[in-house]
file my_file34.tsv (TSV, C-alpha atoms)
chain	number	residue	atom	x	y	z
O	294	SER	CA	1.67	-14.14	7.09
O	295	SER	CA	1.26	-12.20	3.88
O	296	ARG	CA	-2.08	-10.74	5.05
O	297	PHE	CA	-3.30	-11.17	1.50
O	298	GLY	CA	-6.30	-13.43	0.96
O	299	LYS	CA	-6.73	-14.54	-2.64
O	300	PHE	CA	-8.65	-16.85	-4.94
O	301	ILE	CA	-6.46	-18.40	-7.64
O	302	GLU	CA	-7.76	-19.95	-10.84
O	303	ILE	CA	-5.43	-22.62	-12.24
O	304	GLN	CA	-6.58	-22.55	-15.85
O	305	PHE	CA	-6.69	-25.49	-18.29
O	306	ASP	CA	-7.22	-25.60	-22.04
O	307	GLU	CA	-9.55	-27.97	-23.89
O	308	THR	CA	-6.96	-30.77	-23.77
O	309	ARG	CA	-6.88	-30.37	-19.95
O	310	ARG	CA	-3.34	-29.05	-20.00
O	311	MET	CA	-2.56	-26.19	-17.64
O	312	SER	CA	-2.59	-23.00	-19.68
O	313	GLY	CA	-2.37	-20.17	-17.17
O	314	ALA	CA	-3.61	-18.69	-13.92
O	315	ARG	CA	-5.56	-15.70	-12.60
O	316	ILE	CA	-5.40	-14.14	-9.16
O	317	HIS	CA	-8.47	-12.55	-7.56
O	318	ILE	CA	-8.01	-10.36	-4.48
O	319	TYR	CA	-10.22	-11.77	-1.72
O	320	LEU	CA	-9.06	-9.42	1.02
O	321	LEU	CA	-5.96	-7.31	1.51
O	322	GLU	CA	-5.37	-6.34	5.12
O	323	LYS	CA	-4.77	-2.65	4.42
O	324	THR	CA	-5.11	-1.85	8.13
O	325	ARG	CA	-1.61	-3.31	8.53
O	326	VAL	CA	-0.25	-0.37	6.53
O	327	ILE	CA	-0.96	2.03	9.40
O	328	ALA	CA	-1.08	-0.24	12.47
O	329	GLN	CA	0.72	-3.42	13.49
O	330	ALA	CA	0.48	-5.53	16.61
O	331	GLY	CA	3.48	-5.51	18.94
O	332	GLY	CA	6.30	-7.66	17.59
O	333	GLU	CA	4.86	-7.75	14.06
O	334	ARG	CA	6.09	-6.00	10.93
O	335	ASN	CA	4.28	-4.02	8.28
O	336	PHE	CA	4.24	-5.38	4.72
O	337	HIS	CA	7.74	-6.62	3.89
O	338	ILE	CA	8.20	-4.33	0.88
O	339	PHE	CA	8.60	-1.26	3.10
O	340	TYR	CA	11.60	-2.79	4.88
O	341	GLN	CA	13.01	-4.01	1.57
O	342	LEU	CA	12.75	-0.47	0.24
O	343	MET	CA	14.59	1.06	3.18
O	344	ARG	CA	17.29	-1.63	3.30
O	345	GLY	CA	17.73	-2.20	-0.43
O	346	LEU	CA	17.90	1.25	-2.02
O	347	THR	CA	21.29	2.86	-2.45
O	348	PRO	CA	21.95	6.13	-0.58
O	349	ASP	CA	21.45	8.07	-3.83
O	350	GLU	CA	18.17	6.26	-4.53
O	351	ARG	CA	16.94	6.97	-1.02
O	352	ARG	CA	17.75	10.66	-1.39
O	353	ALA	CA	15.93	10.74	-4.75
O	354	SER	CA	12.90	9.17	-3.04
O	355	HIS	CA	13.22	11.56	-0.06
O	356	LEU	CA	13.70	8.58	2.28
O	357	THR	CA	16.45	10.13	4.39
O	358	ILE	CA	14.63	9.46	7.68
O	359	PRO	CA	16.11	6.48	9.60
O	360	LEU	CA	13.97	3.35	9.29
O	361	GLU	CA	13.35	3.17	13.03
O	362	GLU	CA	11.86	6.70	13.01
O	363	LEU	CA	9.33	5.99	10.27
O	364	ARG	CA	5.86	5.77	11.76
O	365	LEU	CA	4.69	2.93	9.51
O	366	VAL	CA	7.63	0.58	10.08
O	367	GLY	CA	9.31	1.46	13.36
O	368	ARG	CA	6.41	1.81	15.76
O	369	SER	CA	5.84	-1.89	16.55
O	370	GLY	CA	9.46	-2.36	17.62
O	371	CYS	CA	10.01	-5.14	15.08
O	372	VAL	CA	12.02	-4.04	12.05
O	373	ASP	CA	14.16	-7.09	11.31
O	374	ILE	CA	13.54	-10.81	10.83
O	375	PRO	CA	16.44	-13.06	11.90
O	376	GLY	CA	18.07	-14.61	8.85
O	377	VAL	CA	16.28	-12.38	6.33
O	378	ASP	CA	18.24	-9.85	4.28
O	379	ASP	CA	15.65	-7.24	3.29
O	380	GLY	CA	18.06	-5.57	0.89
O	381	ALA	CA	18.59	-8.82	-1.02
O	382	GLN	CA	14.83	-9.44	-0.95
O	383	LEU	CA	14.27	-6.12	-2.74
O	384	MET	CA	16.44	-7.37	-5.60
O	385	ARG	CA	14.30	-10.52	-5.78
O	386	THR	CA	11.14	-8.40	-5.78
O	387	LEU	CA	12.46	-6.29	-8.65
O	388	ASP	CA	13.44	-9.45	-10.55
O	389	ALA	CA	9.88	-10.72	-10.09
O	390	MET	CA	8.50	-7.43	-11.44
O	391	GLU	CA	10.71	-7.82	-14.49
O	392	ALA	CA	9.49	-11.40	-14.93
O	393	VAL	CA	5.89	-10.16	-15.24
O	394	ALA	CA	6.98	-7.56	-17.82
O	395	LEU	CA	7.15	-4.41	-15.70
O	396	SER	CA	9.52	-1.97	-17.36
O	397	ALA	CA	12.32	-0.23	-15.45
O	398	ALA	CA	10.25	2.98	-15.48
O	399	GLU	CA	7.22	1.16	-14.04
O	400	GLN	CA	9.35	-0.43	-11.32
O	401	GLU	CA	10.63	3.01	-10.38
O	402	GLN	CA	7.07	4.34	-10.22
O	403	VAL	CA	6.10	1.49	-7.88
O	404	LEU	CA	8.98	2.33	-5.53
O	405	ARG	CA	8.13	6.04	-5.66
O	406	ALA	CA	4.51	5.31	-4.71
O	407	LEU	CA	5.68	3.19	-1.77
O	408	ALA	CA	8.00	5.98	-0.65
O	409	ALA	CA	5.06	8.40	-0.83
O	410	VAL	CA	3.06	6.15	1.51
O	411	LEU	CA	5.90	6.20	4.05
O	412	LEU	CA	6.27	9.99	3.85
O	413	LEU	CA	2.54	10.64	3.98
O	414	ALA	CA	2.30	8.80	7.29
O	415	GLN	CA	4.96	11.13	8.75
O	416	VAL	CA	2.80	14.21	8.20
O	417	GLU	CA	1.74	15.92	11.44
O	418	LEU	CA	-1.58	17.77	11.45
O	419	ASP	CA	-2.21	20.68	13.81
O	420	GLN	CA	-5.47	22.10	15.10
O	421	GLY	CA	-5.92	25.86	15.26
O	422	ALA	CA	-8.01	28.03	17.52
O	423	ASP	CA	-10.94	27.53	15.15
O	424	GLU	CA	-10.64	23.75	15.76
O	425	HIS	CA	-9.92	23.15	12.08
O	426	ALA	CA	-6.97	21.00	11.04
O	427	ALA	CA	-4.00	22.21	9.01
O	428	VAL	CA	-0.71	20.66	7.96
O	429	GLY	CA	1.88	21.40	10.65
O	430	ALA	CA	4.69	23.78	9.78
O	431	GLY	CA	7.23	21.00	10.22
O	432	SER	CA	5.38	18.76	7.76
O	433	VAL	CA	5.02	21.13	4.81
O	434	ARG	CA	8.16	19.72	3.22
O	435	LEU	CA	6.89	16.15	3.69
O	436	ILE	CA	3.70	17.06	1.85
O	437	GLU	CA	5.73	18.55	-1.00
O	438	GLN	CA	7.92	15.45	-1.23
O	439	ALA	CA	5.00	12.98	-1.13
O	440	ALA	CA	3.14	14.99	-3.75
O	441	GLU	CA	6.20	15.09	-6.00
O	442	LEU	CA	6.63	11.32	-5.81
O	443	VAL	CA	3.11	10.62	-7.06
O	444	GLY	CA	2.86	13.58	-9.43
O	445	ILE	CA	0.19	15.73	-7.77
O	446	ASP	CA	0.01	19.30	-6.51
O	447	ALA	CA	1.15	19.75	-2.90
O	448	ALA	CA	-1.47	22.40	-2.11
O	449	GLU	CA	-4.24	20.12	-3.38
O	450	LEU	CA	-2.91	17.25	-1.26
O	451	SER	CA	-2.88	19.45	1.86
O	452	HIS	CA	-6.42	20.62	1.12
O	453	ALA	CA	-7.64	17.05	0.57
O	454	LEU	CA	-6.21	15.87	3.90
O	455	CYS	CA	-7.94	18.62	5.88
O	456	THR	CA	-11.35	18.71	4.19
O	457	ARG	CA	-14.05	16.45	2.86
O	458	ARG	CA	-16.60	17.01	0.12
O	459	LEU	CA	-20.30	16.41	0.65
O	460	VAL	CA	-22.18	15.95	-2.60
O	461	THR	CA	-25.95	16.29	-2.56
O	462	ARG	CA	-28.44	16.20	-5.37
O	463	ASP	CA	-28.29	19.95	-5.85
O	464	ASP	CA	-25.00	21.08	-4.39
O	465	GLU	CA	-21.46	20.25	-3.34
O	466	VAL	CA	-20.16	21.40	0.04
O	467	THR	CA	-16.58	21.36	1.35
O	468	VAL	CA	-16.35	20.70	5.09
O	469	ARG	CA	-13.20	21.41	7.07
O	470	LEU	CA	-12.02	18.65	9.40
O	471	ASN	CA	-10.72	18.76	12.94
O	472	ARG	CA	-7.36	17.23	13.78
O	473	GLU	CA	-8.66	13.78	14.68
O	474	GLN	CA	-10.67	13.59	11.47
O	475	ALA	CA	-7.69	14.81	9.42
O	476	ASP	CA	-5.46	12.16	11.02
O	477	ASP	CA	-7.99	9.55	9.92
O	478	SER	CA	-8.04	11.11	6.44
O	479	ARG	CA	-4.24	10.88	6.18
O	480	ASP	CA	-4.23	7.24	7.28
O	481	ALA	CA	-7.08	6.38	4.93
O	482	LEU	CA	-5.17	7.90	2.02
O	483	ALA	CA	-2.05	5.89	2.90
O	484	LYS	CA	-4.09	2.68	2.97
O	485	ALA	CA	-5.89	3.54	-0.26
O	486	LEU	CA	-2.67	4.36	-2.10
O	487	TYR	CA	-1.10	1.07	-1.03
O	488	GLY	CA	-4.27	-0.86	-1.88
O	489	LYS	CA	-4.55	0.66	-5.36
O	490	LEU	CA	-0.89	-0.06	-6.06
O	491	PHE	CA	-1.27	-3.65	-4.85
O	492	GLY	CA	-4.34	-4.17	-7.03
O	493	TRP	CA	-2.52	-2.76	-10.06
O	494	LEU	CA	0.38	-5.16	-9.51
O	495	VAL	CA	-2.01	-8.12	-9.27
O	496	GLU	CA	-3.57	-7.11	-12.60
O	497	ARG	CA	-0.14	-6.87	-14.18
O	498	CYS	CA	0.64	-10.36	-12.91
O	499	ASN	CA	-2.65	-11.59	-14.39
O	500	ALA	CA	-1.84	-10.03	-17.74
O	501	LYS	CA	1.30	-12.19	-17.86
O	502	LEU	CA	-0.12	-15.37	-16.30
O	503	SER	CA	-3.62	-15.64	-17.71
O	504	ASP	CA	-4.62	-16.88	-21.17
O	505	GLU	CA	-8.34	-16.27	-21.41
O	506	GLN	CA	-8.40	-17.30	-25.08
O	507	THR	CA	-7.47	-20.92	-24.42
O	508	ALA	CA	-8.80	-21.42	-20.88
O	509	CYS	CA	-11.97	-23.51	-20.81
O	510	SER	CA	-11.91	-24.75	-17.22
O	511	PHE	CA	-10.09	-24.13	-13.98
O	512	ILE	CA	-9.36	-25.45	-10.52
O	513	GLY	CA	-10.00	-22.82	-7.85
O	514	ILE	CA	-7.80	-22.40	-4.78
O	515	LEU	CA	-8.93	-20.14	-1.95
O	516	ASP	CA	-5.94	-18.98	0.10
O	517	ILE	CA	-6.88	-16.78	3.05
O	518	PHE	CA	-5.07	-15.93	6.24
O	519	GLY	CA	-6.15	-17.54	9.50
O	520	PHE	CA	-8.31	-16.30	12.31
O	521	GLU	CA	-6.76	-13.77	14.67
O	522	GLN	CA	-7.61	-11.55	17.59
O	523	PHE	CA	-5.83	-8.31	18.42
O	524	ALA	CA	-6.18	-5.85	21.28
O	525	VAL	CA	-8.01	-3.63	18.76
O	526	ASN	CA	-9.90	-5.51	16.03
O	527	SER	CA	-11.30	-4.04	12.81
O	528	PHE	CA	-13.09	-5.07	9.63
O	529	GLU	CA	-10.36	-7.48	8.47
O	530	GLN	CA	-10.61	-9.50	11.69
O	531	LEU	CA	-14.41	-9.61	11.40
O	532	CYS	CA	-14.14	-11.06	7.90
call {"tool": "encode", "arguments": {"input": "my_file34.tsv", "output": "structure tokens"}}
result
Amino acid sequence: SSRFGKFIEIQFDETRRMSGARIHIYLLEKTRVIAQAGGERNFHIFYQLMRGLTPDERRASHLTIPLEELRLVGRSGCVDIPGVDDGAQLMRTLDAMEAVALSAAEQEQVLRALAAVLLLAQVELDQGADEHAAVGAGSVRLIEQAAELVGIDAAELSHALCTRRLVTRDDEVTVRLNREQADDSRDALAKALYGKLFGWLVERCNAKLSDEQTACSFIGILDIFGFEQFAVNSFEQLC
């Protein structure tokens, strides 16, 4: 399953000829980014990335950790699908990006953002005697690498993971988190980064597929994933 629920408009012009299409995100199961059921994989693109990049490209993306040791893709115990070549699938994915007019630089930025998600999930957070969380000494380099990939300051990223801002009518307060809260903050950021990237890609597809100037009617197709029940269920299962 793609774990991507969507509403698709098949657009028609005034002569009732098909003129384009538009994709609306109904629900993206972002929880899958950080947790998978036993025997299930994460989103396929992560495995394509690890299997399809050249050694030099992996080093440039700081993805030198073996696939099986990556928290987001190796934890469920399922990293391969019989008969599927993830490396070849990455080439197909890049071809599809080119077909919807993503430049080579934009494709590289997409892959760098995905690499940042993988590295971010590897970050270990420690809790000091004051019960406040801090990035573990062994994860400082991971923070620097993830920050570099998405073009932000490493110190600001560390600070954001271990604190939260409370904004009131008259003031703004920064609250330090404990380790459990910081772990949740790290996972939430990984999900949000993937979700924002996914949404951006859908909009780029729409820019190529849709012709709002000529569309005067459409047929709507709702494509959602089926019902499911896990050992631990969350918002996506409720919906």
call {"tool": "closest_residue", "arguments": {"input": "my_file34.tsv", "among": "O:Ala397, O:Glu391, O:Ala408, O:Ala448", "to": "Glu350 in chain O", "atoms": "only C-alpha atoms"}}
result
O:Ala408
call {"tool": "residues_around", "arguments": {"input": "my_file34.tsv", "residues": "Glu302 in chain O", "least_positions_apart": "5", "cutoff": "7 Å", "atoms": "all atoms listed in the file", "output": "PyMOL selection string"}}
result
chain O and resi 314-316+511-514
call {"tool": "atom_distance", "arguments": {"input": "my_file34.tsv", "atom1": "CA of Thr357 in chain O", "atom2": "CA of Gln400 in chain O"}}
result
20.2 Å
call {"tool": "atom_distance", "arguments": {"input": "my_file34.tsv", "atom1": "CA of Val443 in chain O", "atom2": "CA of Asp378 in chain O"}}
result
27.9 Å
call {"tool": "closest_residue", "arguments": {"input": "my_file34.tsv", "among": "O:Ala483, O:Leu346, O:Ala330, O:Val377", "to": "Leu411 in chain O", "atoms": "all atoms listed in the file"}}
result
O:Ala483
call {"tool": "axis_aligned_box", "arguments": {"input": "my_file34.tsv", "around": "range 325-328 of chain O", "padding_each_side": "3 Å", "output": "JSON"}}
result
{"center_x": -0.9, "center_y": -0.6, "center_z": 9.5, "size_x": 7.4, "size_y": 11.3, "size_z": 11.9}
call {"tool": "residues_around", "arguments": {"input": "my_file34.tsv", "residues": "Ala440 in chain O", "least_positions_apart": "4", "cutoff": "10 Å", "atoms": "only C-alpha atoms", "output": "VMD selection string"}}
result
chain O and resid 406 409 412 to 413 434 to 436 444 to 451
call {"tool": "closest_residue", "arguments": {"input": "my_file34.tsv", "among": "O:Ala398, O:Leu515, O:Ala481, O:Leu454", "to": "Val326 in chain O", "atoms": "all atoms listed in the file"}}
result
O:Ala481
call {"tool": "residues_around", "arguments": {"input": "my_file34.tsv", "residues": "range 455-459 of chain O", "least_positions_apart": "6", "cutoff": "9 Å", "atoms": "all atoms listed in the file", "output": "PyMOL selection string"}}
result
chain O and resi 418+425-428+465-472+474-476+478-479
call {"tool": "decode", "arguments": {"input": "my_file34.tsv", "residues": "range 460-491 of chain O", "atoms": "N, CA, C and O atoms", "output": "short mmCIF file (atom, residue, chain, number, x, y, z; two decimals), in the first residue's frame"}}
result
data_model
loop_
_atom_site.label_atom_id
_atom_site.label_comp_id
_atom_site.auth_asym_id
_atom_site.auth_seq_id
_atom_site.Cartn_x
_atom_site.Cartn_y
_atom_site.Cartn_z
N VAL O 460 3.73 30.81 23.17
CA VAL O 460 3.42 32.19 22.82
C VAL O 460 2.08 32.56 23.44
O VAL O 460 1.06 31.93 23.17
N THR O 461 2.11 33.57 24.29
CA THR O 461 0.89 34.08 24.89
C THR O 461 0.58 35.45 24.28
O THR O 461 1.30 35.93 23.41
N ARG O 462 -0.46 36.05 24.76
CA ARG O 462 -0.85 37.35 24.22
C ARG O 462 0.22 38.41 24.47
O ARG O 462 0.45 39.30 23.64
N ASP O 463 0.90 38.29 25.62
CA ASP O 463 1.83 39.34 26.01
C ASP O 463 3.29 38.91 26.01
O ASP O 463 4.17 39.75 26.19
N ASP O 464 3.55 37.62 25.82
CA ASP O 464 4.93 37.18 26.01
C ASP O 464 5.21 35.91 25.20
O ASP O 464 4.29 35.28 24.67
N GLU O 465 6.47 35.58 25.13
CA GLU O 465 6.90 34.34 24.48
C GLU O 465 7.90 33.66 25.41
O GLU O 465 8.89 34.27 25.81
N VAL O 466 7.63 32.40 25.75
CA VAL O 466 8.45 31.68 26.72
C VAL O 466 9.04 30.44 26.06
O VAL O 466 8.34 29.71 25.35
N THR O 467 10.32 30.19 26.28
CA THR O 467 10.98 28.98 25.80
C THR O 467 11.06 27.98 26.94
O THR O 467 11.61 28.29 28.01
N VAL O 468 10.53 26.79 26.72
CA VAL O 468 10.49 25.74 27.74
C VAL O 468 11.42 24.61 27.33
O VAL O 468 11.35 24.11 26.19
N ARG O 469 12.28 24.19 28.21
CA ARG O 469 13.18 23.07 27.91
C ARG O 469 12.43 21.75 28.10
O ARG O 469 11.61 21.61 29.02
N LEU O 470 12.73 20.79 27.24
CA LEU O 470 12.04 19.51 27.24
C LEU O 470 12.86 18.45 27.97
O LEU O 470 14.09 18.52 28.04
N ASN O 471 12.15 17.42 28.48
CA ASN O 471 12.88 16.26 28.98
C ASN O 471 13.17 15.32 27.81
O ASN O 471 12.78 15.59 26.67
N ARG O 472 13.83 14.22 28.10
CA ARG O 472 14.26 13.35 27.00
C ARG O 472 13.09 12.78 26.22
O ARG O 472 13.12 12.74 24.98
N GLU O 473 12.07 12.31 26.91
CA GLU O 473 10.92 11.73 26.21
C GLU O 473 10.25 12.76 25.30
O GLU O 473 9.89 12.45 24.16
N GLN O 474 10.10 13.96 25.80
CA GLN O 474 9.50 15.02 24.99
C GLN O 474 10.38 15.38 23.80
O GLN O 474 9.88 15.63 22.70
N ALA O 475 11.69 15.39 24.00
CA ALA O 475 12.61 15.71 22.91
C ALA O 475 12.62 14.61 21.85
O ALA O 475 12.74 14.89 20.65
N ASP O 476 12.50 13.35 22.29
CA ASP O 476 12.37 12.25 21.32
C ASP O 476 11.14 12.46 20.45
O ASP O 476 11.18 12.26 19.23
N ASP O 477 10.03 12.83 21.08
CA ASP O 477 8.80 13.11 20.32
C ASP O 477 9.00 14.29 19.37
O ASP O 477 8.49 14.29 18.25
N SER O 478 9.73 15.30 19.83
CA SER O 478 10.02 16.47 18.99
C SER O 478 10.83 16.08 17.77
O SER O 478 10.54 16.52 16.65
N ARG O 479 11.85 15.24 17.96
CA ARG O 479 12.67 14.76 16.84
C ARG O 479 11.82 13.98 15.84
O ARG O 479 11.91 14.21 14.62
N ASP O 480 10.97 13.08 16.33
CA ASP O 480 10.14 12.28 15.44
C ASP O 480 9.12 13.15 14.70
O ASP O 480 8.83 12.94 13.52
N ALA O 481 8.56 14.13 15.42
CA ALA O 481 7.59 15.02 14.79
C ALA O 481 8.24 15.83 13.68
O ALA O 481 7.63 16.07 12.62
N LEU O 482 9.49 16.25 13.89
CA LEU O 482 10.19 17.00 12.85
C LEU O 482 10.46 16.13 11.63
O LEU O 482 10.31 16.59 10.49
N ALA O 483 10.84 14.87 11.86
CA ALA O 483 11.07 13.96 10.73
C ALA O 483 9.80 13.77 9.92
O ALA O 483 9.82 13.80 8.68
N LYS O 484 8.68 13.59 10.60
CA LYS O 484 7.40 13.43 9.91
C LYS O 484 7.01 14.70 9.16
O LYS O 484 6.53 14.65 8.02
N ALA O 485 7.21 15.84 9.80
CA ALA O 485 6.83 17.11 9.18
C ALA O 485 7.68 17.39 7.94
O ALA O 485 7.16 17.86 6.91
N LEU O 486 8.97 17.11 8.03
CA LEU O 486 9.85 17.35 6.88
C LEU O 486 9.45 16.48 5.70
O LEU O 486 9.36 16.96 4.56
N TYR O 487 9.16 15.20 5.98
CA TYR O 487 8.71 14.31 4.91
C TYR O 487 7.37 14.77 4.34
O TYR O 487 7.17 14.80 3.13
N GLY O 488 6.45 15.15 5.23
CA GLY O 488 5.13 15.58 4.78
C GLY O 488 5.18 16.83 3.92
O GLY O 488 4.49 16.94 2.90
N LYS O 489 6.01 17.81 4.31
CA LYS O 489 6.15 19.04 3.53
C LYS O 489 6.76 18.75 2.17
O LYS O 489 6.35 19.31 1.15
N LEU O 490 7.76 17.88 2.14
CA LEU O 490 8.38 17.51 0.87
C LEU O 490 7.38 16.80 -0.04
O LEU O 490 7.29 17.09 -1.24
N PHE O 491 6.60 15.89 0.53
CA PHE O 491 5.60 15.16 -0.24
C PHE O 491 4.57 16.13 -0.83
O PHE O 491 4.22 16.05 -2.01
#
